[in-house]
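Here's the structure we're looking at; comments come further down.
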Amino acid sequence: MSDVLLKEKLDGRVGLITINRPDKMNALNGEVRCALLGALEAFRADDDVRVIVLTGAGEKAFIAGADIAEFKDAKPTQQYRAMQSGNIYSAMEAYPKPIIAMINGYCLGGGCELSMACDMRIASDRTRIGQPEINLGLIPGGGGTQRLPRLVGEGRAMKMIYTGEMIGAEEAGRIGLVDEVVPAEQLRERTLEIARTIASRSPIALQAAKESILAARRMPLDQGLQFERAWFSLLFSTQDMDEGVSAFLEKRPAEFTGE
Ligand code: COA
């Protein structure tokens, strides 16, 4: 595994991925993207890992966006091919296990977009978040024009994308761009607490919940409701559902296996 990315298993169930270019504010270059896809693939194949936490190394940045150095002299065709093959944002969104963005500082451009492709975002109070591509004569290319308006509304998304200005953690929390803001020194503990809670739930029910919630993005309401009902009914065939109901009736904690 390349050292631009660190991959650890915590408590046997939580996969922690750390982008490790702190001297470059964890900017995303080709090597990082490739290593990230590899780490996700390895954790996907590991049934013990039930939830992923994504963060950046150091105290300053989660991810300060795409590596701008790679933009110099890049050709449109190269750029398009790179974005089509192994699109990290789509891979994260469609990933079968929950992914939590642990946002520990600057969360800009592709960093903001990567966090939006995660299932939820927990941010330190020192976080600064934004889509500054307009300052480079660009627009967001990792889903920012699509996912940001869905999360915060068109007006706020247009303001952020047109001005390129960063907002602080508190405002990001207020507009729903991050789901929880915690003091920097408690960020890891709080994020891992949420991760451990999710890891204790039924993996197959988590996957059903994620697929049903994502279905709402591409389906009209009646079809989305049908999709949800189909998953709900299917879960009655799982050992986990049997275990969850039995554990409740027997007044004991459930032990879910994902079967
Ligand atoms: N791509 C490549 N390198 C980056 C980078 C990026 N997106 N963001 C930061 N870096 C590098 C800097 O070039 C600098 O490298 P150097 O020490 O070799 O010169 C290093 O990270 C530290 O950044 P610096 O700008 O000195 O830190 P700062 O605290 O003054 O500012 C930021 C931090 C994040 C506000 C600033 O680096 C920034 O605006 N980065 C670009 C953000 C951006 O536009 N992202 C969208 C890209 S599409």
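By order in the structure tokens, chains are A, B, ...; within a chain, residues start at 1; ligands start at 1, following the order shown.
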Report the closest atom pair, with its distance in Å rounded to one decimal, for each residue of chain A that has an atom no farther than 6 Å from ligand 1; count only C-alpha atoms and all ligand atoms, sort by chain and then rising residue number, and write it as a Markdown table.
```
| residue | atom | partner | partner_atom_place_in_ligand_line | distance |
| --- | --- | --- | --- | --- |
| A:Asp23 | CA | ligand 1 | 20 (C) | 5.5 |
| A:Lys24 | CA | ligand 1 | 21 (O) | 3.4 |
| A:Met25 | CA | ligand 1 | 21 (O) | 4.8 |
| A:Ala27 | CA | ligand 1 | 6 (C) | 4.9 |
| A:Ala64 | CA | ligand 1 | 7 (N) | 4.8 |
| A:Gly65 | CA | ligand 1 | 45 (N) | 4.2 |
| A:Ala66 | CA | ligand 1 | 47 (C) | 4.7 |
| A:Asp67 | CA | ligand 1 | 1 (N) | 3.4 |
| A:Ile68 | CA | ligand 1 | 1 (N) | 3.9 |
| A:Ala69 | CA | ligand 1 | 2 (C) | 5.4 |
| A:Tyr106 | CA | ligand 1 | 34 (C) | 5.8 |
| A:Leu108 | CA | ligand 1 | 45 (N) | 5.2 |
| A:Gly109 | CA | ligand 1 | 46 (C) | 4.1 |
| A:Pro132 | CA | ligand 1 | 44 (O) | 5.0 |
| A:Glu133 | CA | ligand 1 | 48 (S) | 4.8 |
```
Exercise. Within segment 14-251 of chain A, find each residue whose DSSP state, derived from the backbone, is strand (DSSP E or B), and express the selection as an NGL selection string.
Key: :A and (14-19 or 28 or 51-56 or 61-63 or 66 or 99-103 or 106-108 or 120-124 or 128-130 or 167-168 or 180-182)
When DSSP works through the backbone of this structure, what residues of segment 11-112 of chain A end up as helix (DSSP H, G or I), shown as a tab-separated table (two decimals) with all heavy atoms, in the first residue's frame?
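Saved file selection33.tsv follows:
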```tsv
chain	number	residue	atom	x	y	z
A	22	PRO	N	0.08	15.43	4.17
A	22	PRO	CA	-0.24	16.62	4.98
A	22	PRO	C	0.50	17.88	4.53
A	22	PRO	O	-0.03	18.98	4.64
A	22	PRO	CB	0.17	16.21	6.40
A	22	PRO	CG	1.04	15.00	6.25
A	22	PRO	CD	0.63	14.33	4.98
A	23	ASP	N	1.72	17.70	3.97
A	23	ASP	CA	2.47	18.90	3.53
A	23	ASP	C	1.87	19.50	2.26
A	23	ASP	O	2.21	20.62	1.87
A	23	ASP	CB	3.97	18.59	3.35
A	23	ASP	CG	4.19	17.41	2.43
A	23	ASP	OD1	3.27	16.57	2.30
A	23	ASP	OD2	5.27	17.32	1.81
A	24	LYS	N	0.98	18.78	1.59
A	24	LYS	CA	0.26	19.31	0.41
A	24	LYS	C	-1.23	19.41	0.73
A	24	LYS	O	-2.08	19.34	-0.17
A	24	LYS	CB	0.46	18.40	-0.81
A	24	LYS	CG	1.88	18.39	-1.33
A	24	LYS	CD	2.25	19.71	-2.00
A	24	LYS	CE	3.70	19.71	-2.46
A	24	LYS	NZ	4.13	21.04	-2.89
A	30	GLY	N	-3.32	11.64	-8.76
A	30	GLY	CA	-3.67	10.35	-9.34
A	30	GLY	C	-3.31	9.20	-8.42
A	30	GLY	O	-4.05	8.24	-8.28
A	31	GLU	N	-2.15	9.32	-7.78
A	31	GLU	CA	-1.68	8.23	-6.90
A	31	GLU	C	-2.64	8.04	-5.72
A	31	GLU	O	-2.98	6.92	-5.34
A	31	GLU	CB	-0.27	8.59	-6.41
A	31	GLU	CG	0.45	7.43	-5.77
A	31	GLU	CD	1.79	7.83	-5.16
A	31	GLU	OE1	2.20	9.01	-5.29
A	31	GLU	OE2	2.41	6.96	-4.54
A	32	VAL	N	-3.09	9.17	-5.15
A	32	VAL	CA	-4.01	9.09	-4.01
A	32	VAL	C	-5.34	8.47	-4.46
A	32	VAL	O	-5.89	7.58	-3.80
A	32	VAL	CB	-4.29	10.48	-3.39
A	32	VAL	CG1	-5.40	10.41	-2.36
A	32	VAL	CG2	-3.03	11.06	-2.78
A	33	ARG	N	-5.84	8.92	-5.61
A	33	ARG	CA	-7.14	8.40	-6.09
A	33	ARG	C	-7.06	6.89	-6.29
A	33	ARG	O	-7.95	6.15	-5.91
A	33	ARG	CB	-7.50	9.06	-7.42
A	33	ARG	CG	-8.08	10.44	-7.25
A	33	ARG	CD	-8.79	10.89	-8.53
A	33	ARG	NE	-9.04	12.30	-8.45
A	33	ARG	CZ	-8.17	13.24	-8.82
A	33	ARG	NH1	-7.01	12.90	-9.34
A	33	ARG	NH2	-8.45	14.51	-8.68
A	34	CYS	N	-5.96	6.46	-6.90
A	34	CYS	CA	-5.78	5.04	-7.17
A	34	CYS	C	-5.68	4.25	-5.86
A	34	CYS	O	-6.32	3.20	-5.70
A	34	CYS	CB	-4.50	4.90	-8.00
A	34	CYS	SG	-4.25	3.31	-8.65
A	35	ALA	N	-4.91	4.79	-4.89
A	35	ALA	CA	-4.77	4.11	-3.61
A	35	ALA	C	-6.10	4.08	-2.86
A	35	ALA	O	-6.42	3.10	-2.18
A	35	ALA	CB	-3.70	4.82	-2.76
A	36	LEU	N	-6.87	5.14	-3.01
A	36	LEU	CA	-8.18	5.20	-2.33
A	36	LEU	C	-9.11	4.14	-2.89
A	36	LEU	O	-9.78	3.42	-2.14
A	36	LEU	CB	-8.76	6.62	-2.49
A	36	LEU	CG	-10.07	6.94	-1.78
A	36	LEU	CD1	-10.04	6.55	-0.32
A	36	LEU	CD2	-10.36	8.45	-1.91
A	37	LEU	N	-9.13	4.02	-4.21
A	37	LEU	CA	-9.98	2.97	-4.82
A	37	LEU	C	-9.53	1.58	-4.35
A	37	LEU	O	-10.35	0.73	-4.04
A	37	LEU	CB	-9.90	3.05	-6.35
A	37	LEU	CG	-10.77	4.12	-7.02
A	37	LEU	CD1	-10.41	4.25	-8.50
A	37	LEU	CD2	-12.25	3.81	-6.87
A	38	GLY	N	-8.21	1.40	-4.26
A	38	GLY	CA	-7.66	0.10	-3.82
A	38	GLY	C	-8.05	-0.20	-2.38
A	38	GLY	O	-8.44	-1.33	-2.05
A	39	ALA	N	-7.96	0.82	-1.51
A	39	ALA	CA	-8.30	0.61	-0.09
A	39	ALA	C	-9.79	0.29	0.06
A	39	ALA	O	-10.17	-0.59	0.84
A	39	ALA	CB	-7.94	1.86	0.72
A	40	LEU	N	-10.61	1.00	-0.70
A	40	LEU	CA	-12.06	0.73	-0.63
A	40	LEU	C	-12.35	-0.69	-1.10
A	40	LEU	O	-13.18	-1.39	-0.50
A	40	LEU	CB	-12.83	1.74	-1.48
A	40	LEU	CG	-12.90	3.17	-0.92
A	40	LEU	CD1	-13.48	4.12	-1.96
A	40	LEU	CD2	-13.74	3.20	0.35
A	41	GLU	N	-11.67	-1.11	-2.15
A	41	GLU	CA	-11.90	-2.44	-2.68
A	41	GLU	C	-11.50	-3.49	-1.64
A	41	GLU	O	-12.23	-4.47	-1.43
A	41	GLU	CB	-11.07	-2.60	-3.97
A	41	GLU	CG	-11.58	-3.61	-4.95
A	41	GLU	CD	-13.10	-3.65	-5.10
A	41	GLU	OE1	-13.70	-2.62	-5.40
A	41	GLU	OE2	-13.69	-4.73	-4.90
A	42	ALA	N	-10.35	-3.27	-0.97
A	42	ALA	CA	-9.89	-4.24	0.04
A	42	ALA	C	-10.89	-4.30	1.20
A	42	ALA	O	-11.21	-5.40	1.68
A	42	ALA	CB	-8.51	-3.83	0.54
A	43	PHE	N	-11.39	-3.16	1.63
A	43	PHE	CA	-12.36	-3.17	2.74
A	43	PHE	C	-13.71	-3.73	2.29
A	43	PHE	O	-14.44	-4.28	3.09
A	43	PHE	CB	-12.54	-1.75	3.30
A	43	PHE	CG	-11.44	-1.33	4.25
A	43	PHE	CD1	-11.00	0.00	4.29
A	43	PHE	CD2	-10.87	-2.23	5.14
A	43	PHE	CE1	-10.01	0.41	5.16
A	43	PHE	CE2	-9.86	-1.84	6.02
A	43	PHE	CZ	-9.43	-0.52	6.03
A	44	ARG	N	-14.03	-3.56	1.01
A	44	ARG	CA	-15.30	-4.12	0.51
A	44	ARG	C	-15.28	-5.66	0.63
A	44	ARG	O	-16.25	-6.28	1.04
A	44	ARG	CB	-15.50	-3.75	-0.96
A	44	ARG	CG	-16.80	-4.32	-1.54
A	44	ARG	CD	-16.68	-4.53	-3.04
A	44	ARG	NE	-16.46	-3.32	-3.78
A	44	ARG	CZ	-17.42	-2.56	-4.32
A	44	ARG	NH1	-18.67	-2.92	-4.21
A	44	ARG	NH2	-17.11	-1.47	-4.97
A	45	ALA	N	-14.10	-6.22	0.31
A	45	ALA	CA	-13.98	-7.68	0.31
A	45	ALA	C	-13.84	-8.25	1.72
A	45	ALA	O	-13.91	-9.46	1.89
A	45	ALA	CB	-12.78	-8.07	-0.54
A	68	ILE	N	-3.58	20.73	-7.79
A	68	ILE	CA	-3.61	21.74	-8.86
A	68	ILE	C	-2.38	21.62	-9.76
A	68	ILE	O	-2.43	21.94	-10.95
A	68	ILE	CB	-3.76	23.15	-8.25
A	68	ILE	CG1	-5.08	23.24	-7.46
A	68	ILE	CG2	-3.73	24.23	-9.33
A	68	ILE	CD1	-5.25	24.48	-6.62
A	69	ALA	N	-1.28	21.10	-9.18
A	69	ALA	CA	-0.07	20.94	-9.98
A	69	ALA	C	-0.33	20.02	-11.19
A	69	ALA	O	0.28	20.19	-12.25
A	69	ALA	CB	1.06	20.37	-9.12
A	70	GLU	N	-1.24	19.07	-11.03
A	70	GLU	CA	-1.53	18.14	-12.14
A	70	GLU	C	-2.38	18.79	-13.23
A	70	GLU	O	-2.56	18.21	-14.29
A	70	GLU	CB	-2.26	16.89	-11.61
A	70	GLU	CG	-1.36	15.97	-10.81
A	70	GLU	CD	-2.03	14.64	-10.48
A	70	GLU	OE1	-3.26	14.52	-10.59
A	70	GLU	OE2	-1.28	13.72	-10.08
A	71	PHE	N	-2.95	19.97	-12.96
A	71	PHE	CA	-3.79	20.64	-13.97
A	71	PHE	C	-2.96	21.34	-15.04
A	71	PHE	O	-3.42	21.54	-16.15
A	71	PHE	CB	-4.70	21.70	-13.32
A	71	PHE	CG	-5.84	21.12	-12.51
A	71	PHE	CD1	-6.69	21.95	-11.79
A	71	PHE	CD2	-6.09	19.76	-12.48
A	71	PHE	CE1	-7.74	21.43	-11.06
A	71	PHE	CE2	-7.14	19.22	-11.74
A	71	PHE	CZ	-7.96	20.07	-11.03
A	76	PRO	N	-7.69	18.17	-22.32
A	76	PRO	CA	-9.09	17.83	-22.03
A	76	PRO	C	-9.37	16.33	-22.17
A	76	PRO	O	-10.07	15.76	-21.34
A	76	PRO	CB	-9.88	18.61	-23.09
A	76	PRO	CG	-8.97	19.69	-23.53
A	76	PRO	CD	-7.58	19.21	-23.33
A	77	THR	N	-8.81	15.70	-23.20
A	77	THR	CA	-9.10	14.27	-23.41
A	77	THR	C	-8.54	13.43	-22.26
A	77	THR	O	-9.20	12.53	-21.76
A	77	THR	CB	-8.49	13.79	-24.73
A	77	THR	OG1	-7.19	14.34	-24.85
A	77	THR	CG2	-9.34	14.18	-25.91
A	78	GLN	N	-7.30	13.79	-21.82
A	78	GLN	CA	-6.70	13.05	-20.68
A	78	GLN	C	-7.57	13.22	-19.45
A	78	GLN	O	-7.85	12.29	-18.70
A	78	GLN	CB	-5.33	13.64	-20.32
A	78	GLN	CG	-4.24	13.35	-21.30
A	78	GLN	CD	-3.00	14.20	-20.97
A	78	GLN	OE1	-3.09	15.27	-20.36
A	78	GLN	NE2	-1.85	13.71	-21.37
A	79	GLN	N	-7.97	14.47	-19.23
A	79	GLN	CA	-8.77	14.80	-18.06
A	79	GLN	C	-10.08	14.00	-18.07
A	79	GLN	O	-10.48	13.42	-17.08
A	79	GLN	CB	-9.07	16.32	-18.07
A	79	GLN	CG	-9.70	16.85	-16.82
A	79	GLN	CD	-8.83	16.64	-15.60
A	79	GLN	OE1	-7.60	16.64	-15.65
A	79	GLN	NE2	-9.47	16.40	-14.45
A	80	TYR	N	-10.73	13.97	-19.23
A	80	TYR	CA	-12.02	13.29	-19.35
A	80	TYR	C	-11.86	11.80	-19.08
A	80	TYR	O	-12.62	11.20	-18.33
A	80	TYR	CB	-12.62	13.53	-20.74
A	80	TYR	CG	-14.04	13.04	-20.84
A	80	TYR	CD1	-15.08	13.69	-20.17
A	80	TYR	CD2	-14.36	11.91	-21.60
A	80	TYR	CE1	-16.38	13.24	-20.25
A	80	TYR	CE2	-15.67	11.45	-21.67
A	80	TYR	CZ	-16.67	12.11	-21.01
A	80	TYR	OH	-17.96	11.66	-21.07
A	81	ARG	N	-10.82	11.23	-19.69
A	81	ARG	CA	-10.58	9.77	-19.49
A	81	ARG	C	-10.32	9.47	-18.03
A	81	ARG	O	-10.85	8.51	-17.47
A	81	ARG	CB	-9.42	9.30	-20.36
A	81	ARG	CG	-9.85	8.90	-21.77
A	81	ARG	CD	-8.79	8.03	-22.43
A	81	ARG	NE	-7.54	8.75	-22.67
A	81	ARG	CZ	-7.30	9.49	-23.75
A	81	ARG	NH1	-8.21	9.59	-24.69
A	81	ARG	NH2	-6.15	10.12	-23.90
A	82	ALA	N	-9.50	10.33	-17.39
A	82	ALA	CA	-9.16	10.10	-15.98
A	82	ALA	C	-10.41	10.16	-15.11
A	82	ALA	O	-10.55	9.41	-14.15
A	82	ALA	CB	-8.15	11.15	-15.51
A	83	MET	N	-11.32	11.06	-15.47
A	83	MET	CA	-12.52	11.21	-14.64
A	83	MET	C	-13.55	10.11	-14.91
A	83	MET	O	-14.35	9.78	-14.06
A	83	MET	CB	-13.16	12.58	-14.89
A	83	MET	CG	-12.31	13.70	-14.30
A	83	MET	SD	-12.85	15.30	-14.87
A	83	MET	CE	-14.06	15.71	-13.64
A	84	GLN	N	-13.51	9.53	-16.12
A	84	GLN	CA	-14.48	8.49	-16.45
A	84	GLN	C	-14.08	7.15	-15.84
A	84	GLN	O	-14.91	6.42	-15.32
A	84	GLN	CB	-14.56	8.30	-17.98
A	84	GLN	CG	-15.38	9.36	-18.67
A	84	GLN	CD	-16.84	9.30	-18.29
A	84	GLN	OE1	-17.31	10.08	-17.48
A	84	GLN	NE2	-17.57	8.38	-18.87
A	88	ILE	N	-13.89	8.03	-8.51
A	88	ILE	CA	-13.86	7.78	-7.08
A	88	ILE	C	-15.14	8.26	-6.37
A	88	ILE	O	-15.62	7.65	-5.42
A	88	ILE	CB	-12.58	8.42	-6.46
A	88	ILE	CG1	-12.37	8.00	-5.03
A	88	ILE	CG2	-12.56	9.91	-6.56
A	88	ILE	CD1	-11.90	6.62	-4.89
A	89	TYR	N	-15.70	9.34	-6.89
A	89	TYR	CA	-16.90	9.91	-6.25
A	89	TYR	C	-18.10	8.96	-6.41
A	89	TYR	O	-18.82	8.68	-5.45
A	89	TYR	CB	-17.22	11.29	-6.85
A	89	TYR	CG	-16.03	12.21	-6.80
A	89	TYR	CD1	-15.14	12.32	-7.87
A	89	TYR	CD2	-15.75	12.94	-5.64
A	89	TYR	CE1	-14.03	13.14	-7.81
A	89	TYR	CE2	-14.64	13.76	-5.57
A	89	TYR	CZ	-13.79	13.86	-6.66
A	89	TYR	OH	-12.68	14.66	-6.59
A	90	SER	N	-18.29	8.46	-7.63
A	90	SER	CA	-19.39	7.52	-7.86
A	90	SER	C	-19.15	6.22	-7.09
A	90	SER	O	-20.08	5.63	-6.54
A	90	SER	CB	-19.53	7.19	-9.35
A	90	SER	OG	-19.68	8.38	-10.07
A	91	ALA	N	-17.87	5.78	-7.06
A	91	ALA	CA	-17.55	4.54	-6.34
A	91	ALA	C	-17.89	4.68	-4.87
A	91	ALA	O	-18.41	3.75	-4.25
A	91	ALA	CB	-16.07	4.21	-6.51
A	92	MET	N	-17.62	5.86	-4.31
A	92	MET	CA	-17.90	6.05	-2.88
A	92	MET	C	-19.40	6.10	-2.63
A	92	MET	O	-19.91	5.54	-1.68
A	92	MET	CB	-17.25	7.34	-2.38
A	92	MET	CG	-15.77	7.32	-2.60
A	92	MET	SD	-14.73	7.68	-1.25
A	92	MET	CE	-15.60	8.66	-0.19
A	93	GLU	N	-20.11	6.80	-3.51
A	93	GLU	CA	-21.56	6.91	-3.31
A	93	GLU	C	-22.24	5.54	-3.38
A	93	GLU	O	-23.12	5.23	-2.60
A	93	GLU	CB	-22.15	7.84	-4.37
A	93	GLU	CG	-23.62	8.11	-4.14
A	93	GLU	CD	-24.12	9.19	-5.07
A	93	GLU	OE1	-24.29	8.91	-6.27
A	93	GLU	OE2	-24.33	10.31	-4.59
A	110	GLY	N	-12.42	19.11	-4.61
A	110	GLY	CA	-12.63	17.66	-4.64
A	110	GLY	C	-12.76	17.06	-3.24
A	110	GLY	O	-13.36	16.00	-3.08
A	111	GLY	N	-12.21	17.74	-2.23
A	111	GLY	CA	-12.36	17.27	-0.84
A	111	GLY	C	-13.80	17.42	-0.38
A	111	GLY	O	-14.38	16.51	0.22
A	112	CYS	N	-14.38	18.57	-0.69
A	112	CYS	CA	-15.78	18.81	-0.35
A	112	CYS	C	-16.66	17.81	-1.12
A	112	CYS	O	-17.58	17.21	-0.57
A	112	CYS	CB	-16.15	20.25	-0.70
A	112	CYS	SG	-17.85	20.68	-0.34
```
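Residues lying within 8 Å of Met120 of chain A, counting only C-alpha atoms and ignoring same-chain neighbours fewer than 6 positions away, are A:Ile99, A:Ile100, A:Ala101, A:Val178, A:Asp179.
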